[in-house]
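Notes follow once the structure below has been shown.
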Amino acid sequence: MAPLARHLRAPMLTTLATLFSHYRRHPGQLAMLLLGLWVAGALWSGVQAINASARDSYDRAEALFTTGLDRLERRDGEPLDREDFVSLRRAGLPVSPLLEGRVDTAKGERLTVIGIDPLTLPGDSAFATAGSGGELTTFFTPPWQTRLAPDTVLRLGLERQTAPGAEPALADGRRLPPLVLAPSLPPDTLVMDIAAAARLLERGTTLSRLVTAPGALESAPEGYRLSRAETLVDPGELTASFHLNLTAMALLALIVGLFIVQAALGLALEQRLGLLRTLRALGVPGRTLVGLLALELVLLGVIGALAGIASGVWLARALLPDVAATLQNLYGAAVGTQLHLPWHYWMGGLGVTLGGLFIAGSGTLWRASRLGVLGMGQAQAWRASFQRQLWVQVIAGTLAALLALAVWAWLSAQPAGEGLVAGFVLVGAMMLACALWLSPLLAVGLAGLGRLARSTPLTQWALADLQLQLPRLSLAMMALLIALSANLGVGSMVGGFRLTFLDWLDQRLTADLYLRPPAEQFDEVQAWLGARGEVAELLPTADAGSTLLEVRAGADDRRLEVPVSLFGITPGVRLTPTWPLLESRDGREAAWTALENGEAFINEQLALGHGIGPGDRLVLRAPNGQQAMTVAAIYPDYGNPRGEVLMTATALRERFAAAPGSIGVVLAETADPDGSKADTLSRDLTERFGLDQEALIDQRQVKALSTDIFERTFSITRALNALTLAVAALALLASLLAQARERRRRLAPLWALGVTRGRLAGIQLAQLGGAALVTGLAAVPLGIAITACLVAIINVAAFGWRLPLHVFPVEIGITLGTALLVALLATGLPALTLWRTSPRTLLAEGEAT
């Protein structure tokens, strides 16, 4: 059997080597194939690496004790103190104290400090059960310990190897307790004993919160509010839609990259038709030949996929800081900037890339298996199948369009905010339909123009030649269409969000200064400000949390258990005219009158998420039972991941024992023309009440900070858009380079007839420029449709609020210009090669045809 196996193996290896020899003669095609696999795998693997690292951070944050424990707070809004903890423990209640604050490192980084009592922390906490008794004793006895994740060490300016036992200095010169690495901790978090934290943060006996095991208390003790663990939002749940968006964009880049692979495989197989016929004539069975072609794909796919995964890790490291900033700004979710990749990430990246390669190559292998021995030697037989392929694309595109219509009809019947995945299906079906219709549209257009250009032979030849190129350029043009439309859609959505967000900031930030004094000083500070002559108006706020128990709409009562935020404002001369309202029961003036009379506004997230409208009655859990109120209006609340109920600050403090929030200080219009009065008032507040710099914020600083946060939040979107467009440009360039030699053969007779090389190069630029312009024009309505889906369906389902649809003519012009630029750049290198080709070479090319 062994000699027979060797006898059978030798011809197969020889045949495989013969197939690979094609790439020695055409290295550009090999580069094109590997390039497609590389860029597709890199973008997909990079985004999956980001998602995997973020999920690891969420798991560590959830395991810490942030969302898994019930919380106690004082009803009177006063800060918790050590005496609260002692009195509750003496009453037999199993509570544990937590102290939280922020410190600045010597590198200027901000880290969260959490102080715990490991002896009273609930038993399933990672710290209550960590290590042996000796380790726990070291943790809560001087010099204490600072436990932190390995990726937080870099924020302190240390190397991971030297961190254990180190006592790094902070920005103010104070030193942390000795460091101990704890991989289970979330990023940017320092955990230490509560005594060490109080000393480091200079908090004295103040506590941030009291926690207890879920369900350990049936009700809140007298004078306290109880927040159940299930009402605390898990960051992983909040950010799921964001990661779905990233995955969708990565999948788009993967598809565009696979277009390059498909084009390379089709061209390589067409040019090897004679070789395949010869191998069949020498006795190689058809199944064996197709099997070896598949093996060739697998070998090349593994190389390209591994290169893509390696590049994806590099890309993820480059983009992860911006993603972390985005998640922090949008959801308050801390994500480390160091990658943590499980083993299944590597296998998943390899599997997805190879699976995409199989899908891209299966059509080519199937067509090769269908061609007979004689047909393999006829290039025209291969091209003739393109006409049948156009009809198949028309039918498939029609089916995709019908799918899009069906999904749109289904979404129209659903409540607002439903159907996130269906929204992506709708966008994908629209893009697929337009991409499939593009080649038939170009073919029909070229045929029509060819009939009109009969009087100009050179133009007619250029159109016929472009028709001949269409089978090889169609996939690259489809990739360009998808990339351009996605770029236009996402760009218009982000641009519209930016305009809306900035207008919303101008409407909401009406005060000149915003002050957040400690709760115990709030009333005193407010009275002091009211006596200042330069202060025209004070806008105090309050905030609290509650649970929406019931919604009454006419005779329809719906029971709910939905956690909501409560926010109290003070209507005034400056605030009321500018506060935006989306919908009201009896008009804007009546809505504000109703608010002052005890009714409420709700934000768009709550209205869309639960089908609540003006006139409905809400029943909320309150410290003294339940409170009912009527919804007077709905207002936009961009960036807030939770539902919110708005009422006057006075009503909120009386009905829900809410803690005081901030004070908006409106200065008299004639009091501060140059801003000096605001600076003077800030200094007087600081000196009079001992407030720190973070307690008083100028309105201009808030707007500048918010705008900066916005720009960084969407930098990851812009980066992925640019990368996807670059991949499409590479697809077009690779297609042109792969057929450059054959193009010169067809151009050689024209040169021999007297057409100059410069004019031939110009014909190439005009051909591809015209095709790209048509592609760009097709991308414009598709991009607008994608924008409409993003703002009306996907954005509502992902974030809970709707954006107005903005169409930017400049953005459309940039899209068309980008299409032309991509085509001209892709055509430039082959055109330059033709320009520099010597007459002797052109003659040789012509003789070879």
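We name chains A, B, ... following the order of the structure tokens; residues begin at 1 in each chain, and ligands are numbered from 1 as shown.
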Inset, instruction - Excluding Gln764 of chain A and residues on its chain fewer than 3 positions from it, collect all residues at most 7 Å away from it, counting only C-alpha atoms, and give them as a list in words. - result: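 Answer for this query is Leu760, Ala761, Gln767, Leu768, Thr827 and Ala831 of chain A.
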For the selection just defined, write its residues with N, CA and C atoms to a file, as a compact mmCIF listing (two decimals), in the first residue's frame.
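As written to disk, part_38.txt reads:
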# COMPACT_ATOMS: atom_id res chain seq x y z
N LEU A 760 -3.88 57.16 -25.62
CA LEU A 760 -4.30 55.85 -25.10
C LEU A 760 -4.40 55.88 -23.58
N ALA A 761 -3.43 56.55 -22.94
CA ALA A 761 -3.51 56.67 -21.48
C ALA A 761 -4.73 57.48 -21.07
N GLN A 767 -12.19 55.96 -19.38
CA GLN A 767 -13.01 54.76 -19.20
C GLN A 767 -13.31 54.52 -17.72
N LEU A 768 -12.28 54.45 -16.93
CA LEU A 768 -12.49 54.15 -15.51
C LEU A 768 -13.10 55.31 -14.77
N THR A 827 -6.18 53.95 -11.92
CA THR A 827 -5.84 53.88 -13.34
C THR A 827 -4.49 54.51 -13.62
N ALA A 831 -1.76 53.50 -16.51
CA ALA A 831 -1.62 54.51 -17.56
C ALA A 831 -0.19 55.01 -17.65
Inset, instruction - For Gly355 of chain A, list every protein, DNA or RNA residue within 12 Å, evaluated using only C-alpha atoms, and leave out those in the same chain fewer than 4 positions away; present the list as an MDAnalysis selection string. - result: chainID A and resid 37 40:41 254:255 258 297:298 301:302 305 347:351 359:362
Inset, instruction - Pick out the residues sitting within 8 Å of Leu560 of chain A, and hand them over as an MDAnalysis selection string; count only C-alpha atoms, and ignore anything fewer than 5 positions along from it in its own chain. - result: chainID A and resid 548:551
Could you take the residues named above and write them with N, CA and C atoms, as an mmCIF file, in the first residue's frame?
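And here is the file that came out, part-v2.cif:
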data_model
loop_
_atom_site.group_PDB
_atom_site.id
_atom_site.type_symbol
_atom_site.label_atom_id
_atom_site.label_comp_id
_atom_site.auth_asym_id
_atom_site.auth_seq_id
_atom_site.Cartn_x
_atom_site.Cartn_y
_atom_site.Cartn_z
ATOM 1 N N LEU A 548 -40.091 52.972 37.547
ATOM 2 C CA LEU A 548 -41.385 53.202 36.918
ATOM 3 C C LEU A 548 -42.220 51.939 37.077
ATOM 4 N N LEU A 549 -43.275 52.042 37.846
ATOM 5 C CA LEU A 549 -44.093 50.871 38.179
ATOM 6 C C LEU A 549 -45.239 50.645 37.213
ATOM 7 N N GLU A 550 -45.821 51.738 36.710
ATOM 8 C CA GLU A 550 -47.061 51.577 35.944
ATOM 9 C C GLU A 550 -47.208 52.751 34.987
ATOM 10 N N VAL A 551 -47.790 52.483 33.833
ATOM 11 C CA VAL A 551 -48.136 53.519 32.854
ATOM 12 C C VAL A 551 -49.635 53.394 32.577
#
Legend entry - Long-range neighbours of Leu402 of chain A as number ranges by chain, 10 Å cut-off, only C-alpha atoms, 5 positions minimum in chain: A: 396-397, 407-408, 429-430, 433
Selection export as a PDB file, in the first residue's frame, atoms kept: C-alpha atoms:
ATOM      1  CA  ALA A 396     -30.796  38.156  -7.212  1.00  0.00           C
ATOM      2  CA  GLY A 397     -30.794  41.948  -6.845  1.00  0.00           C
ATOM      3  CA  VAL A 407     -38.124  44.031   6.358  1.00  0.00           C
ATOM      4  CA  TRP A 408     -39.082  47.706   6.082  1.00  0.00           C
ATOM      5  CA  ALA A 429     -30.338  43.987   1.687  1.00  0.00           C
ATOM      6  CA  MET A 430     -30.396  47.474   0.141  1.00  0.00           C
ATOM      7  CA  ALA A 433     -29.527  44.849  -4.240  1.00  0.00           C
TER       8      ALA A 433
END
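The residue that comes closest to Leu620 of chain A, out of A:Thr112, A:Thr547, A:Gln699, A:Asn640 and on the basis of only C-alpha atoms, is A:Thr547.
Considering the residues A:Leu463, A:Ala216, A:Ala91, A:Leu390 and counting only C-alpha atoms, Leu436 of chain A has its shortest atom-to-atom contact with A:Leu390.
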Inset, instruction - For segment 160-169 of chain A, please output as an NGL selection string all residues within 12 Å (counting only C-alpha atoms; exclusion window: fewer than 5 positions along the same chain). - result: :A and (103-108 or 143-155 or 174-183 or 200)
Could you write out that same residue set with C-alpha atoms as a compact mmCIF listing (two decimals), in the first residue's frame?
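File selection.txt, as written:
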# COMPACT_ATOMS: atom_id res chain seq x y z
CA VAL A 103 -6.53 60.53 41.80
CA ASP A 104 -4.11 61.91 39.22
CA THR A 105 -0.94 59.98 38.48
CA ALA A 106 2.46 61.50 37.81
CA LYS A 107 1.80 60.91 34.08
CA GLY A 108 -1.41 62.97 34.22
CA PRO A 143 1.24 49.72 55.00
CA TRP A 144 -1.82 48.21 53.24
CA GLN A 145 -1.96 47.15 49.60
CA THR A 146 -3.07 48.65 46.30
CA ARG A 147 -4.60 46.02 44.07
CA LEU A 148 -4.82 46.80 40.38
CA ALA A 149 -5.09 45.11 36.99
CA PRO A 150 -1.87 44.54 35.03
CA ASP A 151 -2.99 46.95 32.28
CA THR A 152 -3.39 49.74 34.86
CA VAL A 153 0.30 49.52 35.78
CA LEU A 154 1.28 51.35 32.60
CA ARG A 155 -0.88 54.32 33.62
CA ARG A 174 1.74 61.29 47.77
CA ARG A 175 2.54 57.62 47.36
CA LEU A 176 0.25 54.66 46.91
CA PRO A 177 0.41 51.63 49.19
CA PRO A 178 2.52 48.77 47.76
CA LEU A 179 1.12 47.43 44.50
CA VAL A 180 -0.27 43.93 44.05
CA LEU A 181 -1.41 42.70 40.64
CA ALA A 182 -4.99 41.38 40.45
CA PRO A 183 -5.94 40.37 36.87
CA LEU A 200 -5.30 58.93 50.35
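Note that the spacing between atom CA of Ala779 of chain A and atom CA of Val791 of chain A amounts to 18.1 Å.
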Inset, instruction - Find the residue from A:Glu524, A:Glu159, A:Glu811, A:Asp70 that sits nearest to Ala220 of chain A; use only C-alpha atoms when measuring. - result: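 Checking each of A:Glu524, A:Glu159, A:Glu811, A:Asp70 against Ala220 of chain A, counting only C-alpha atoms, the winner is A:Asp70.
If you measure from each of A:Gln389, A:Val261, A:Ala447, A:Val665 to Phe358 of chain A using only C-alpha atoms, the closest one turns out to be A:Val261.
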Legend entry - Leu515 of chain A environment, 10 Å, only C-alpha atoms, sequence neighbours closer than 4 positions dropped, as a list in words: Phe522, Val525, Gln526, Pro540, Gly661, Ser662, Ile663, Gly664, Val665, Ser682, Leu685, Leu691, Glu694, Ala695, Leu696, Ile697 and Asp698 of chain A
Preceding selection exported with N, CA and C atoms as a short mmCIF file (atom, residue, chain, number, x, y, z; two decimals), in the first residue's frame:
data_model
loop_
_atom_site.label_atom_id
_atom_site.label_comp_id
_atom_site.auth_asym_id
_atom_site.auth_seq_id
_atom_site.Cartn_x
_atom_site.Cartn_y
_atom_site.Cartn_z
N PHE A 522 -25.22 73.11 50.07
CA PHE A 522 -25.99 73.51 48.90
C PHE A 522 -26.88 74.72 49.21
N VAL A 525 -24.83 77.93 49.92
CA VAL A 525 -24.24 78.51 48.70
C VAL A 525 -25.32 79.18 47.86
N GLN A 526 -26.49 78.55 47.78
CA GLN A 526 -27.57 79.13 46.99
C GLN A 526 -28.02 80.47 47.57
N PRO A 540 -31.18 76.05 40.25
CA PRO A 540 -30.75 74.84 40.97
C PRO A 540 -31.40 73.59 40.37
N GLY A 661 -28.49 68.81 43.36
CA GLY A 661 -27.51 68.54 42.31
C GLY A 661 -26.57 69.71 42.10
N SER A 662 -26.82 70.49 41.07
CA SER A 662 -25.96 71.62 40.74
C SER A 662 -26.77 72.90 40.75
N ILE A 663 -26.08 74.02 40.63
CA ILE A 663 -26.71 75.33 40.56
C ILE A 663 -26.21 76.02 39.29
N GLY A 664 -27.14 76.36 38.41
CA GLY A 664 -26.77 77.15 37.25
C GLY A 664 -26.84 78.62 37.60
N VAL A 665 -25.77 79.35 37.33
CA VAL A 665 -25.68 80.76 37.69
C VAL A 665 -25.78 81.59 36.42
N SER A 682 -16.09 83.26 40.66
CA SER A 682 -15.49 81.94 40.90
C SER A 682 -14.48 82.00 42.02
N LEU A 685 -16.32 82.40 45.38
CA LEU A 685 -16.93 81.14 45.81
C LEU A 685 -15.88 80.20 46.38
N LEU A 691 -14.33 75.51 47.91
CA LEU A 691 -14.66 74.55 46.84
C LEU A 691 -13.44 74.26 45.99
N GLU A 694 -13.06 71.45 40.50
CA GLU A 694 -14.05 70.66 39.78
C GLU A 694 -15.48 71.02 40.15
N ALA A 695 -15.68 71.75 41.23
CA ALA A 695 -17.03 72.08 41.67
C ALA A 695 -17.63 73.22 40.85
N LEU A 696 -16.82 74.04 40.21
CA LEU A 696 -17.31 75.20 39.47
C LEU A 696 -16.79 75.13 38.04
N ILE A 697 -17.71 75.13 37.08
CA ILE A 697 -17.34 74.95 35.67
C ILE A 697 -17.97 76.07 34.86
N ASP A 698 -17.15 76.68 34.03
CA ASP A 698 -17.65 77.70 33.11
C ASP A 698 -18.40 77.03 31.96
#
Legend entry - Distance query Leu646 of chain A at most 8 Å, only C-alpha atoms, self and fewer than 6 positions along chain excluded, as a list in words: Leu566, Phe567, Gly568, Ile569, Ala600, Phe601, Ile602 and Asn603 of chain A
Legend entry - Pick from A:Leu452, A:Leu170, A:Leu595, A:Leu608 nearest to Val631 of chain A, counting only C-alpha atoms: A:Leu595
